[in-house]
file run-v7.cif (mmCIF, C-alpha atoms)
data_structure
loop_
_atom_site.label_atom_id
_atom_site.label_comp_id
_atom_site.auth_asym_id
_atom_site.auth_seq_id
_atom_site.Cartn_x
_atom_site.Cartn_y
_atom_site.Cartn_z
CA MET A 1 -7.52 14.01 -33.39
CA PHE A 2 -10.65 14.62 -31.31
CA GLY A 3 -12.43 16.64 -33.96
CA VAL A 4 -14.86 13.80 -34.58
CA LEU A 5 -16.33 14.38 -31.13
CA PHE A 6 -17.71 17.74 -32.26
CA GLU A 7 -19.45 16.35 -35.33
CA GLN A 8 -23.22 16.04 -35.33
CA THR A 9 -24.93 12.71 -34.86
CA ALA A 10 -28.02 11.46 -36.67
CA ASP A 11 -30.27 12.80 -33.89
CA GLY A 12 -28.82 16.32 -34.06
CA GLN A 13 -26.52 16.01 -31.06
CA ARG A 14 -22.73 15.91 -31.03
CA TYR A 15 -20.65 12.90 -30.17
CA ILE A 16 -19.15 14.76 -27.26
CA ASP A 17 -22.67 15.01 -25.83
CA TRP A 18 -22.72 11.21 -25.74
CA LEU A 19 -19.53 11.22 -23.70
CA VAL A 20 -20.92 13.83 -21.31
CA SER A 21 -24.05 11.75 -20.84
CA GLY A 22 -21.95 8.65 -20.17
CA LEU A 23 -19.80 10.61 -17.73
CA GLY A 24 -22.92 11.61 -15.82
CA TRP A 25 -24.01 8.00 -15.40
CA THR A 26 -20.47 7.02 -14.39
CA LEU A 27 -20.30 9.71 -11.73
CA ALA A 28 -23.76 8.88 -10.38
CA LEU A 29 -22.97 5.18 -10.23
CA ALA A 30 -19.61 5.70 -8.53
CA PHE A 31 -20.86 8.35 -6.07
CA PHE A 32 -23.91 6.54 -4.76
CA GLY A 33 -22.19 3.17 -4.98
CA TRP A 34 -19.35 4.46 -2.82
CA TRP A 35 -21.62 5.57 0.00
CA ILE A 36 -23.45 2.26 -0.05
CA ALA A 37 -20.11 0.46 0.02
CA PHE A 38 -18.70 2.65 2.79
CA GLY A 39 -21.72 2.23 5.07
CA ILE A 40 -21.91 -1.54 4.66
CA GLY A 41 -18.14 -1.93 4.69
CA VAL A 42 -17.75 -0.22 8.06
CA VAL A 43 -20.46 -2.37 9.63
CA VAL A 44 -19.04 -5.60 8.19
CA GLY A 45 -15.47 -4.60 9.06
CA VAL A 46 -16.48 -4.00 12.67
CA GLY A 47 -18.32 -7.32 12.64
CA ARG A 48 -15.09 -9.07 11.68
CA THR A 49 -13.47 -7.93 14.95
CA VAL A 50 -16.24 -8.32 17.55
CA GLN A 51 -16.18 -11.09 20.14
CA ASN A 52 -19.62 -12.40 19.16
CA ARG A 53 -18.89 -15.40 16.95
CA PHE A 54 -22.28 -15.27 15.22
CA PHE A 55 -21.72 -11.76 13.86
CA SER A 56 -18.07 -12.47 13.19
CA ILE A 57 -18.92 -15.52 11.06
CA LEU A 58 -21.65 -13.66 9.18
CA ALA A 59 -19.27 -10.81 8.42
CA ARG A 60 -16.59 -13.21 7.21
CA LEU A 61 -19.08 -15.04 4.97
CA TYR A 62 -20.11 -11.74 3.42
CA VAL A 63 -16.51 -10.80 2.68
CA GLU A 64 -15.57 -14.20 1.27
CA ILE A 65 -18.63 -14.37 -0.98
CA PHE A 66 -18.61 -10.87 -2.45
CA ARG A 67 -14.85 -10.42 -2.63
CA ASN A 68 -14.06 -13.74 -4.32
CA ILE A 69 -16.73 -13.67 -7.03
CA PRO A 70 -15.69 -11.57 -10.08
CA VAL A 71 -17.58 -8.30 -10.30
CA LEU A 72 -18.70 -9.13 -13.87
CA VAL A 73 -20.36 -12.35 -12.67
CA GLN A 74 -22.04 -10.48 -9.85
CA MET A 75 -23.31 -7.90 -12.33
CA PHE A 76 -24.97 -10.65 -14.40
CA LEU A 77 -26.42 -12.28 -11.27
CA TRP A 78 -28.08 -9.10 -10.07
CA TYR A 79 -29.43 -8.22 -13.51
CA PHE A 80 -30.46 -11.59 -14.97
CA VAL A 81 -30.80 -14.03 -12.05
CA PHE A 82 -32.09 -11.95 -9.13
CA PRO A 83 -35.48 -11.09 -10.74
CA GLU A 84 -36.04 -14.81 -11.38
CA VAL A 85 -35.38 -16.07 -7.83
CA VAL A 86 -37.40 -13.50 -5.89
CA PRO A 87 -41.21 -13.81 -5.57
CA THR A 88 -43.00 -13.49 -8.89
CA ALA A 89 -44.69 -10.19 -8.10
CA LEU A 90 -41.42 -8.57 -7.08
CA GLY A 91 -39.59 -10.08 -10.05
CA ASP A 92 -42.20 -8.76 -12.48
CA ALA A 93 -41.97 -5.30 -10.91
CA ILE A 94 -38.19 -5.33 -11.31
CA LYS A 95 -38.48 -6.38 -14.97
CA GLN A 96 -40.91 -3.54 -15.66
CA ILE A 97 -38.52 -0.80 -14.49
CA PRO A 98 -37.95 1.43 -17.53
CA PRO A 99 -34.44 1.93 -18.94
CA PRO A 100 -31.90 3.16 -18.09
CA TRP A 101 -32.95 2.64 -14.45
CA ALA A 102 -33.44 -1.07 -15.09
CA SER A 103 -29.68 -1.30 -15.63
CA PHE A 104 -28.63 1.43 -13.21
CA PHE A 105 -30.08 -0.07 -10.02
CA PRO A 106 -28.59 -3.59 -10.46
CA ALA A 107 -25.22 -2.03 -11.32
CA LEU A 108 -25.44 0.25 -8.27
CA LEU A 109 -26.26 -2.69 -5.99
CA CYS A 110 -23.51 -4.82 -7.48
CA LEU A 111 -20.76 -2.21 -7.17
CA GLY A 112 -21.88 -1.17 -3.70
CA LEU A 113 -21.87 -4.68 -2.26
CA TYR A 114 -18.66 -5.72 -4.03
CA THR A 115 -16.72 -2.65 -2.94
CA ALA A 116 -18.13 -2.99 0.60
CA SER A 117 -16.41 -6.37 0.96
CA ARG A 118 -13.06 -4.74 0.13
CA ILE A 119 -13.65 -1.79 2.45
CA ALA A 120 -14.59 -4.21 5.25
CA GLU A 121 -11.10 -5.72 5.10
CA GLN A 122 -9.56 -2.26 5.22
CA VAL A 123 -11.62 -1.42 8.30
CA ARG A 124 -10.71 -4.72 9.97
CA ALA A 125 -7.02 -4.06 9.34
CA GLY A 126 -7.33 -0.54 10.74
CA ILE A 127 -9.02 -1.77 13.91
CA GLU A 128 -6.45 -4.50 14.44
CA ALA A 129 -3.64 -1.99 13.94
CA LEU A 130 -4.73 0.03 16.97
CA PRO A 131 -2.89 -0.60 20.23
CA LYS A 132 -4.79 -2.85 22.62
CA GLY A 133 -4.33 -0.19 25.27
CA GLN A 134 -7.01 1.89 23.57
CA ILE A 135 -9.70 -0.72 24.23
CA GLU A 136 -8.35 -1.46 27.70
CA ALA A 137 -8.48 2.25 28.59
CA ALA A 138 -12.07 2.45 27.32
CA ASN A 139 -13.01 -0.56 29.43
CA ALA A 140 -11.34 1.02 32.44
CA LEU A 141 -13.51 4.10 31.94
CA GLY A 142 -16.61 1.91 32.03
CA LEU A 143 -17.55 2.20 28.35
CA SER A 144 -19.62 -0.62 26.91
CA GLY A 145 -18.50 -2.52 23.83
CA TYR A 146 -20.77 -0.46 21.57
CA LEU A 147 -19.56 2.87 22.99
CA THR A 148 -15.95 1.70 22.78
CA TYR A 149 -16.27 0.99 19.08
CA ARG A 150 -18.29 4.15 18.43
CA TYR A 151 -16.15 6.69 20.24
CA VAL A 152 -12.70 5.08 20.47
CA VAL A 153 -12.01 2.29 17.98
CA VAL A 154 -13.86 3.12 14.76
CA PRO A 155 -12.99 6.86 14.60
CA GLN A 156 -9.28 6.10 14.95
CA ALA A 157 -9.39 3.15 12.54
CA LEU A 158 -11.10 5.20 9.84
CA ARG A 159 -8.45 7.89 10.14
CA LEU A 160 -5.70 5.31 9.79
CA ILE A 161 -7.08 3.66 6.66
CA VAL A 162 -7.70 6.79 4.56
CA PRO A 163 -4.58 6.13 2.40
CA SER A 164 -5.68 2.56 1.65
CA LEU A 165 -9.25 3.72 0.96
CA THR A 166 -7.86 5.91 -1.82
CA SER A 167 -7.41 2.88 -4.06
CA GLU A 168 -10.99 1.79 -3.39
CA VAL A 169 -12.36 5.22 -4.34
CA MET A 170 -10.38 5.14 -7.57
CA GLY A 171 -11.33 1.50 -8.17
CA ILE A 172 -15.08 2.05 -8.01
CA TYR A 173 -14.82 4.66 -10.76
CA LYS A 174 -13.03 2.16 -12.98
CA ASN A 175 -15.38 -0.70 -12.12
CA THR A 176 -18.36 1.30 -13.37
CA SER A 177 -17.26 0.32 -16.90
CA VAL A 178 -18.51 -3.21 -16.21
CA ALA A 179 -22.07 -1.84 -16.23
CA LEU A 180 -21.96 -1.64 -20.03
CA THR A 181 -22.46 -5.42 -20.11
CA ILE A 182 -26.02 -5.00 -18.80
CA GLY A 183 -26.92 -2.09 -21.06
CA LEU A 184 -26.09 1.00 -18.98
CA MET A 185 -24.74 3.69 -21.30
CA GLU A 186 -21.97 4.91 -19.05
CA LEU A 187 -18.67 6.38 -20.25
CA THR A 188 -17.10 3.25 -21.74
CA ALA A 189 -20.36 2.22 -23.41
CA GLN A 190 -20.70 5.65 -24.99
CA ALA A 191 -17.10 5.51 -26.22
CA ARG A 192 -17.81 2.15 -27.83
CA GLN A 193 -20.97 3.54 -29.42
CA ILE A 194 -19.00 6.47 -30.86
CA SER A 195 -16.39 4.06 -32.18
CA GLU A 196 -19.03 1.95 -33.91
CA ALA A 197 -20.75 5.01 -35.41
CA THR A 198 -17.65 6.82 -36.68
CA PHE A 199 -15.00 4.05 -36.91
CA GLN A 200 -12.71 6.46 -35.01
CA THR A 201 -11.76 4.00 -32.29
CA PHE A 202 -8.63 5.83 -31.19
CA SER A 203 -10.42 9.16 -30.78
CA ALA A 204 -13.39 7.67 -28.92
CA PHE A 205 -11.48 5.55 -26.45
CA GLY A 206 -8.65 8.08 -26.21
CA ALA A 207 -11.11 10.68 -24.95
CA ALA A 208 -12.62 8.17 -22.51
CA THR A 209 -9.13 7.29 -21.26
CA ILE A 210 -8.31 10.94 -20.56
CA ILE A 211 -11.60 11.38 -18.69
CA TYR A 212 -10.95 8.30 -16.55
CA LEU A 213 -7.45 9.57 -15.81
CA CYS A 214 -8.78 12.96 -14.75
CA LEU A 215 -11.36 11.30 -12.49
CA ALA A 216 -8.65 9.18 -10.85
CA LEU A 217 -6.41 12.22 -10.28
CA VAL A 218 -9.26 14.24 -8.78
CA ALA A 219 -10.16 11.34 -6.47
CA TYR A 220 -6.52 10.94 -5.45
CA GLN A 221 -6.12 14.64 -4.64
CA ALA A 222 -9.38 14.69 -2.69
CA MET A 223 -8.38 11.67 -0.61
CA THR A 224 -4.93 13.18 -0.02
CA PHE A 225 -6.57 16.33 1.31
CA ILE A 226 -8.85 14.27 3.55
CA ASP A 227 -5.87 12.24 4.80
CA LYS A 228 -3.99 15.38 5.81
CA ALA A 229 -7.09 16.83 7.48
CA VAL A 230 -7.92 13.79 9.64
CA ARG A 231 -4.45 12.32 10.15
CA ILE A 232 -3.76 11.31 13.75
CA PRO A 233 -1.04 13.60 15.18
CA GLY A 234 2.29 11.83 15.33
CA SER A 235 1.38 9.16 12.78
CA ALA A 236 2.88 10.95 9.76
CA PRO A 237 6.11 9.38 8.42
CA VAL A 238 9.29 11.25 9.26
CA LYS A 239 11.11 12.53 6.17
CA LEU A 240 14.80 13.33 6.48
CA THR A 241 16.71 15.38 3.97
CA ALA A 242 19.80 14.03 2.25
CA GLY A 243 22.00 16.29 4.40
CA GLN A 244 20.46 14.97 7.60
CA ASP A 245 20.91 11.36 6.48
CA LEU A 246 24.58 12.01 5.63
CA ALA A 247 25.19 13.79 8.93
CA ASP A 248 23.64 10.92 10.87
CA GLU A 249 25.77 8.38 9.02
CA MET A 250 28.96 10.38 9.64
CA GLN A 251 28.08 10.76 13.30
CA GLN A 252 27.46 7.03 13.64
CA SER A 253 30.65 6.12 11.76
CA GLY A 254 32.63 8.60 13.86
CA ALA A 255 31.27 7.21 17.09
CA LEU A 256 32.18 3.62 16.24
CA PRO A 257 35.99 3.83 16.72
CA GLY A 258 35.56 5.57 20.04
CA ALA A 259 33.23 2.85 21.22
CA MET A 260 35.73 0.24 20.09
CA GLU A 261 38.51 1.98 22.03
CA VAL A 262 36.39 1.94 25.17
CA VAL A 263 35.90 -1.77 24.75
CA LYS A 264 39.63 -2.26 24.44
#
call {"tool": "encode", "arguments": {"input": "run-v7.cif", "output": "structure tokens"}}
result
Amino acid sequence: MFGVLFEQTADGQRYIDWLVSGLGWTLALAFFGWWIAFGIGVVVGVGRTVQNRFFSILARLYVEIFRNIPVLVQMFLWYFVFPEVVPTALGDAIKQIPPPWASFFPALLCLGLYTASRIAEQVRAGIEALPKGQIEAANALGLSGYLTYRYVVVPQALRLIVPSLTSEVMGIYKNTSVALTIGLMELTAQARQISEATFQTFSAFGAATIIYLCLALVAYQAMTFIDKAVRIPGSAPVKLTAGQDLADEMQQSGALPGAMEVVK
């Protein structure tokens, strides 16, 4: 079924080499985009919870703008519109960036800022989930607001939201496929190119599907390992076996008549 991938192309390569090249651009875009998103997302998420209304409003505006505009529209804005609205000298310099970097950098900026708005909400939820006693204890120790967030609030919040961040890590890998609309030859674009060259659509996109699935599974396992490594002691869910559940139910049902007799 995938034999077509090992056939030679017109330039002497193999079609599987196209997929490997696309995979490299996908990994680069997702990796660097994730760190941009994580850094900005933590700052914006903290800004959503501070007492300063100016920073709180700015952080909320950022989230509402970047989260509610479709990522495809944002991709077009960064690639087609941004060079036209900046000063002419800067716009001309952006337009003269050689491919594929001319498509890579707008896609990287788009995915980083879009994913940051989603991470910011995860961070805000993690901070708000902490008991208020944590901040009160920090204040009692004389820590300033900055030190409280740095040493008490943010470290605990980040450890709490690792499971929810798993979906964002997996999502940024999938969102890289949108970059094909601005000419970046990432994995999906290469699969489409193979399909157009060989008319083997099932083989081309089937291989891309398997690669995306493997990437998602690797990301999931990595985040699961990180979650277990940084999990706050005592926060893990308690899992009871079927025998323990049955014993508890029998004990409760057996205790009920005795309690009723006491009432009588």
call {"tool": "resolve_selection", "arguments": {"input": "run-v7.cif", "expression": "the PyMOL selection byres ((chain A and resi 229-232) around 12)", "output": "VMD selection string"}}
result
chain A and resid 130 155 to 163 222 to 228 233 to 237
call {"tool": "resolve_selection", "arguments": {"input": "run-v7.cif", "expression": "the PyMOL selection byres ((chain A and resi 177-181) around 8)", "output": "PyMOL selection string"}}
result
chain A and resi 26+71-72+75+103-104+107+173-176+182-189
call {"tool": "resolve_selection", "arguments": {"input": "run-v7.cif", "expression": "the PyMOL selection byres ((chain A and resi 6) around 12)", "output": "list in words"}}
result
Met1, Phe2, Gly3, Val4, Leu5, Glu7, Gln8, Thr9, Gly12, Gln13, Arg14, Tyr15, Ile16, Asp17, Trp18, Leu19, Ile194, Thr198, Ser203 and Ala204 of chain A
call {"tool": "atom_distance", "arguments": {"input": "run-v7.cif", "atom1": "atom CA of A:Gln134", "atom2": "atom CA of A:Val152"}}
result
7.2 Å
call {"tool": "atom_distance", "arguments": {"input": "run-v7.cif", "atom1": "atom CA of A:Gly45", "atom2": "atom CA of A:Arg124"}}
result
4.8 Å
call {"tool": "closest_residue", "arguments": {"input": "run-v7.cif", "among": "A:Tyr79, A:Gln200, A:Val63, A:Arg118", "to": "A:Ala102", "atoms": "all atoms listed in the file"}}
result
A:Tyr79
call {"tool": "closest_residue", "arguments": {"input": "run-v7.cif", "among": "A:Val153, A:Cys214, A:Ala140, A:Leu113", "to": "A:Phe38", "atoms": "only C-alpha atoms"}}
result
A:Leu113
call {"tool": "atom_distance", "arguments": {"input": "run-v7.cif", "atom1": "atom CA of A:Ile65", "atom2": "atom CA of A:Ile97"}}
result
27.6 Å
call {"tool": "axis_aligned_box", "arguments": {"input": "run-v7.cif", "around": "stretch 144-157 of chain A", "padding_each_side": "3 Å", "output": "JSON"}}
result
{"center_x": -15.0, "center_y": 2.2, "center_z": 19.7, "size_x": 17.5, "size_y": 15.4, "size_z": 20.4}
call {"tool": "residues_around", "arguments": {"input": "run-v7.cif", "residues": "A:Gly41", "least_positions_apart": "4", "cutoff": "12 Å", "atoms": "all atoms listed in the file", "output": "NGL selection string"}}
result
:A and (33-37 or 45-48 or 59-60 or 62-63 or 66-67 or 112-124 or 158 or 165 or 168)
call {"tool": "write_last_selection", "arguments": {"input": "run-v7.cif", "atoms": "C-alpha atoms", "output": "PDB file, in the frame of the given file"}}
result
ATOM      1  CA  GLY A  33     -22.190   3.170  -4.980  1.00  0.00           C
ATOM      2  CA  TRP A  34     -19.350   4.460  -2.820  1.00  0.00           C
ATOM      3  CA  TRP A  35     -21.620   5.570   0.000  1.00  0.00           C
ATOM      4  CA  ILE A  36     -23.450   2.260  -0.050  1.00  0.00           C
ATOM      5  CA  ALA A  37     -20.110   0.460   0.020  1.00  0.00           C
ATOM      6  CA  GLY A  45     -15.470  -4.600   9.060  1.00  0.00           C
ATOM      7  CA  VAL A  46     -16.480  -4.000  12.670  1.00  0.00           C
ATOM      8  CA  GLY A  47     -18.320  -7.320  12.640  1.00  0.00           C
ATOM      9  CA  ARG A  48     -15.090  -9.070  11.680  1.00  0.00           C
ATOM     10  CA  ALA A  59     -19.270 -10.810   8.420  1.00  0.00           C
ATOM     11  CA  ARG A  60     -16.590 -13.210   7.210  1.00  0.00           C
ATOM     12  CA  TYR A  62     -20.110 -11.740   3.420  1.00  0.00           C
ATOM     13  CA  VAL A  63     -16.510 -10.800   2.680  1.00  0.00           C
ATOM     14  CA  PHE A  66     -18.610 -10.870  -2.450  1.00  0.00           C
ATOM     15  CA  ARG A  67     -14.850 -10.420  -2.630  1.00  0.00           C
ATOM     16  CA  GLY A 112     -21.880  -1.170  -3.700  1.00  0.00           C
ATOM     17  CA  LEU A 113     -21.870  -4.680  -2.260  1.00  0.00           C
ATOM     18  CA  TYR A 114     -18.660  -5.720  -4.030  1.00  0.00           C
ATOM     19  CA  THR A 115     -16.720  -2.650  -2.940  1.00  0.00           C
ATOM     20  CA  ALA A 116     -18.130  -2.990   0.600  1.00  0.00           C
ATOM     21  CA  SER A 117     -16.410  -6.370   0.960  1.00  0.00           C
ATOM     22  CA  ARG A 118     -13.060  -4.740   0.130  1.00  0.00           C
ATOM     23  CA  ILE A 119     -13.650  -1.790   2.450  1.00  0.00           C
ATOM     24  CA  ALA A 120     -14.590  -4.210   5.250  1.00  0.00           C
ATOM     25  CA  GLU A 121     -11.100  -5.720   5.100  1.00  0.00           C
ATOM     26  CA  GLN A 122      -9.560  -2.260   5.220  1.00  0.00           C
ATOM     27  CA  VAL A 123     -11.620  -1.420   8.300  1.00  0.00           C
ATOM     28  CA  ARG A 124     -10.710  -4.720   9.970  1.00  0.00           C
ATOM     29  CA  LEU A 158     -11.100   5.200   9.840  1.00  0.00           C
ATOM     30  CA  LEU A 165      -9.250   3.720   0.960  1.00  0.00           C
ATOM     31  CA  GLU A 168     -10.990   1.790  -3.390  1.00  0.00           C
TER      32      GLU A 168
END
call {"tool": "build_atoms", "arguments": {"input": "run-v7.cif", "residues": "stretch 31-56 of chain A", "atoms": "N, CA, C and O atoms", "output": "PDB file, keeping the file's coordinate frame"}}
result
ATOM      1  N   PHE A  31     -20.591   7.568  -7.279  1.00  0.00           N
ATOM      2  CA  PHE A  31     -20.860   8.350  -6.070  1.00  0.00           C
ATOM      3  C   PHE A  31     -21.793   7.604  -5.124  1.00  0.00           C
ATOM      4  O   PHE A  31     -21.469   7.389  -3.946  1.00  0.00           O
ATOM      5  N   PHE A  32     -22.948   7.217  -5.630  1.00  0.00           N
ATOM      6  CA  PHE A  32     -23.910   6.540  -4.760  1.00  0.00           C
ATOM      7  C   PHE A  32     -23.429   5.140  -4.389  1.00  0.00           C
ATOM      8  O   PHE A  32     -23.679   4.665  -3.269  1.00  0.00           O
ATOM      9  N   GLY A  33     -22.740   4.479  -5.308  1.00  0.00           N
ATOM     10  CA  GLY A  33     -22.190   3.170  -4.980  1.00  0.00           C
ATOM     11  C   GLY A  33     -21.154   3.239  -3.875  1.00  0.00           C
ATOM     12  O   GLY A  33     -21.064   2.340  -3.034  1.00  0.00           O
ATOM     13  N   TRP A  34     -20.375   4.320  -3.853  1.00  0.00           N
ATOM     14  CA  TRP A  34     -19.350   4.460  -2.820  1.00  0.00           C
ATOM     15  C   TRP A  34     -19.966   4.602  -1.436  1.00  0.00           C
ATOM     16  O   TRP A  34     -19.509   3.988  -0.473  1.00  0.00           O
ATOM     17  N   TRP A  35     -21.029   5.380  -1.325  1.00  0.00           N
ATOM     18  CA  TRP A  35     -21.620   5.570   0.000  1.00  0.00           C
ATOM     19  C   TRP A  35     -22.315   4.308   0.485  1.00  0.00           C
ATOM     20  O   TRP A  35     -22.322   4.006   1.682  1.00  0.00           O
ATOM     21  N   ILE A  36     -22.905   3.568  -0.427  1.00  0.00           N
ATOM     22  CA  ILE A  36     -23.450   2.260  -0.050  1.00  0.00           C
ATOM     23  C   ILE A  36     -22.329   1.348   0.428  1.00  0.00           C
ATOM     24  O   ILE A  36     -22.438   0.668   1.463  1.00  0.00           O
ATOM     25  N   ALA A  37     -21.241   1.322  -0.322  1.00  0.00           N
ATOM     26  CA  ALA A  37     -20.110   0.460   0.020  1.00  0.00           C
ATOM     27  C   ALA A  37     -19.479   0.882   1.347  1.00  0.00           C
ATOM     28  O   ALA A  37     -19.110   0.029   2.173  1.00  0.00           O
ATOM     29  N   PHE A  38     -19.347   2.174   1.569  1.00  0.00           N
ATOM     30  CA  PHE A  38     -18.700   2.650   2.790  1.00  0.00           C
ATOM     31  C   PHE A  38     -19.538   2.309   4.015  1.00  0.00           C
ATOM     32  O   PHE A  38     -19.012   1.831   5.032  1.00  0.00           O
ATOM     33  N   GLY A  39     -20.860   2.538   3.935  1.00  0.00           N
ATOM     34  CA  GLY A  39     -21.720   2.230   5.070  1.00  0.00           C
ATOM     35  C   GLY A  39     -21.719   0.753   5.421  1.00  0.00           C
ATOM     36  O   GLY A  39     -21.548   0.370   6.586  1.00  0.00           O
ATOM     37  N   ILE A  40     -21.901  -0.094   4.407  1.00  0.00           N
ATOM     38  CA  ILE A  40     -21.910  -1.540   4.660  1.00  0.00           C
ATOM     39  C   ILE A  40     -20.526  -2.021   5.044  1.00  0.00           C
ATOM     40  O   ILE A  40     -20.365  -2.884   5.928  1.00  0.00           O
ATOM     41  N   GLY A  41     -19.499  -1.476   4.405  1.00  0.00           N
ATOM     42  CA  GLY A  41     -18.140  -1.930   4.690  1.00  0.00           C
ATOM     43  C   GLY A  41     -17.716  -1.669   6.118  1.00  0.00           C
ATOM     44  O   GLY A  41     -17.048  -2.505   6.737  1.00  0.00           O
ATOM     45  N   VAL A  42     -18.101  -0.517   6.675  1.00  0.00           N
ATOM     46  CA  VAL A  42     -17.750  -0.220   8.060  1.00  0.00           C
ATOM     47  C   VAL A  42     -18.441  -1.189   9.010  1.00  0.00           C
ATOM     48  O   VAL A  42     -17.823  -1.722   9.945  1.00  0.00           O
ATOM     49  N   VAL A  43     -19.720  -1.451   8.765  1.00  0.00           N
ATOM     50  CA  VAL A  43     -20.460  -2.370   9.630  1.00  0.00           C
ATOM     51  C   VAL A  43     -19.878  -3.784   9.555  1.00  0.00           C
ATOM     52  O   VAL A  43     -19.650  -4.440  10.585  1.00  0.00           O
ATOM     53  N   VAL A  44     -19.596  -4.253   8.343  1.00  0.00           N
ATOM     54  CA  VAL A  44     -19.040  -5.600   8.190  1.00  0.00           C
ATOM     55  C   VAL A  44     -17.626  -5.667   8.745  1.00  0.00           C
ATOM     56  O   VAL A  44     -17.243  -6.664   9.379  1.00  0.00           O
ATOM     57  N   GLY A  45     -16.832  -4.614   8.521  1.00  0.00           N
ATOM     58  CA  GLY A  45     -15.470  -4.600   9.060  1.00  0.00           C
ATOM     59  C   GLY A  45     -15.450  -4.655  10.574  1.00  0.00           C
ATOM     60  O   GLY A  45     -14.625  -5.354  11.172  1.00  0.00           O
ATOM     61  N   VAL A  46     -16.365  -3.931  11.213  1.00  0.00           N
ATOM     62  CA  VAL A  46     -16.480  -4.000  12.670  1.00  0.00           C
ATOM     63  C   VAL A  46     -16.927  -5.396  13.088  1.00  0.00           C
ATOM     64  O   VAL A  46     -16.432  -5.962  14.073  1.00  0.00           O
ATOM     65  N   GLY A  47     -17.861  -5.975  12.318  1.00  0.00           N
ATOM     66  CA  GLY A  47     -18.320  -7.320  12.640  1.00  0.00           C
ATOM     67  C   GLY A  47     -17.212  -8.363  12.584  1.00  0.00           C
ATOM     68  O   GLY A  47     -17.283  -9.375  13.296  1.00  0.00           O
ATOM     69  N   ARG A  48     -16.200  -8.119  11.753  1.00  0.00           N
ATOM     70  CA  ARG A  48     -15.090  -9.070  11.680  1.00  0.00           C
ATOM     71  C   ARG A  48     -14.252  -9.096  12.957  1.00  0.00           C
ATOM     72  O   ARG A  48     -13.499 -10.043  13.186  1.00  0.00           O
ATOM     73  N   THR A  49     -14.349  -8.037  13.782  1.00  0.00           N
ATOM     74  CA  THR A  49     -13.470  -7.930  14.950  1.00  0.00           C
ATOM     75  C   THR A  49     -14.189  -8.090  16.283  1.00  0.00           C
ATOM     76  O   THR A  49     -13.531  -8.078  17.325  1.00  0.00           O
ATOM     77  N   VAL A  50     -15.517  -8.216  16.281  1.00  0.00           N
ATOM     78  CA  VAL A  50     -16.240  -8.320  17.550  1.00  0.00           C
ATOM     79  C   VAL A  50     -16.055  -9.713  18.146  1.00  0.00           C
ATOM     80  O   VAL A  50     -15.669 -10.673  17.457  1.00  0.00           O
ATOM     81  N   GLN A  51     -16.349  -9.819  19.440  1.00  0.00           N
ATOM     82  CA  GLN A  51     -16.180 -11.090  20.140  1.00  0.00           C
ATOM     83  C   GLN A  51     -17.325 -12.063  19.847  1.00  0.00           C
ATOM     84  O   GLN A  51     -17.147 -13.271  19.976  1.00  0.00           O
ATOM     85  N   ASN A  52     -18.476 -11.547  19.460  1.00  0.00           N
ATOM     86  CA  ASN A  52     -19.620 -12.400  19.160  1.00  0.00           C
ATOM     87  C   ASN A  52     -19.333 -13.232  17.909  1.00  0.00           C
ATOM     88  O   ASN A  52     -19.177 -12.690  16.812  1.00  0.00           O
ATOM     89  N   ARG A  53     -19.264 -14.537  18.058  1.00  0.00           N
ATOM     90  CA  ARG A  53     -18.890 -15.400  16.950  1.00  0.00           C
ATOM     91  C   ARG A  53     -19.953 -15.429  15.853  1.00  0.00           C
ATOM     92  O   ARG A  53     -19.637 -15.588  14.676  1.00  0.00           O
ATOM     93  N   PHE A  54     -21.220 -15.249  16.225  1.00  0.00           N
ATOM     94  CA  PHE A  54     -22.280 -15.270  15.220  1.00  0.00           C
ATOM     95  C   PHE A  54     -22.098 -14.125  14.227  1.00  0.00           C
ATOM     96  O   PHE A  54     -22.100 -14.332  13.011  1.00  0.00           O
ATOM     97  N   PHE A  55     -21.913 -12.910  14.745  1.00  0.00           N
ATOM     98  CA  PHE A  55     -21.720 -11.760  13.860  1.00  0.00           C
ATOM     99  C   PHE A  55     -20.384 -11.827  13.138  1.00  0.00           C
ATOM    100  O   PHE A  55     -20.273 -11.411  11.979  1.00  0.00           O
ATOM    101  N   SER A  56     -19.383 -12.349  13.821  1.00  0.00           N
ATOM    102  CA  SER A  56     -18.070 -12.470  13.190  1.00  0.00           C
ATOM    103  C   SER A  56     -18.109 -13.429  12.004  1.00  0.00           C
ATOM    104  O   SER A  56     -17.545 -13.154  10.946  1.00  0.00           O
TER     105      SER A  56
END
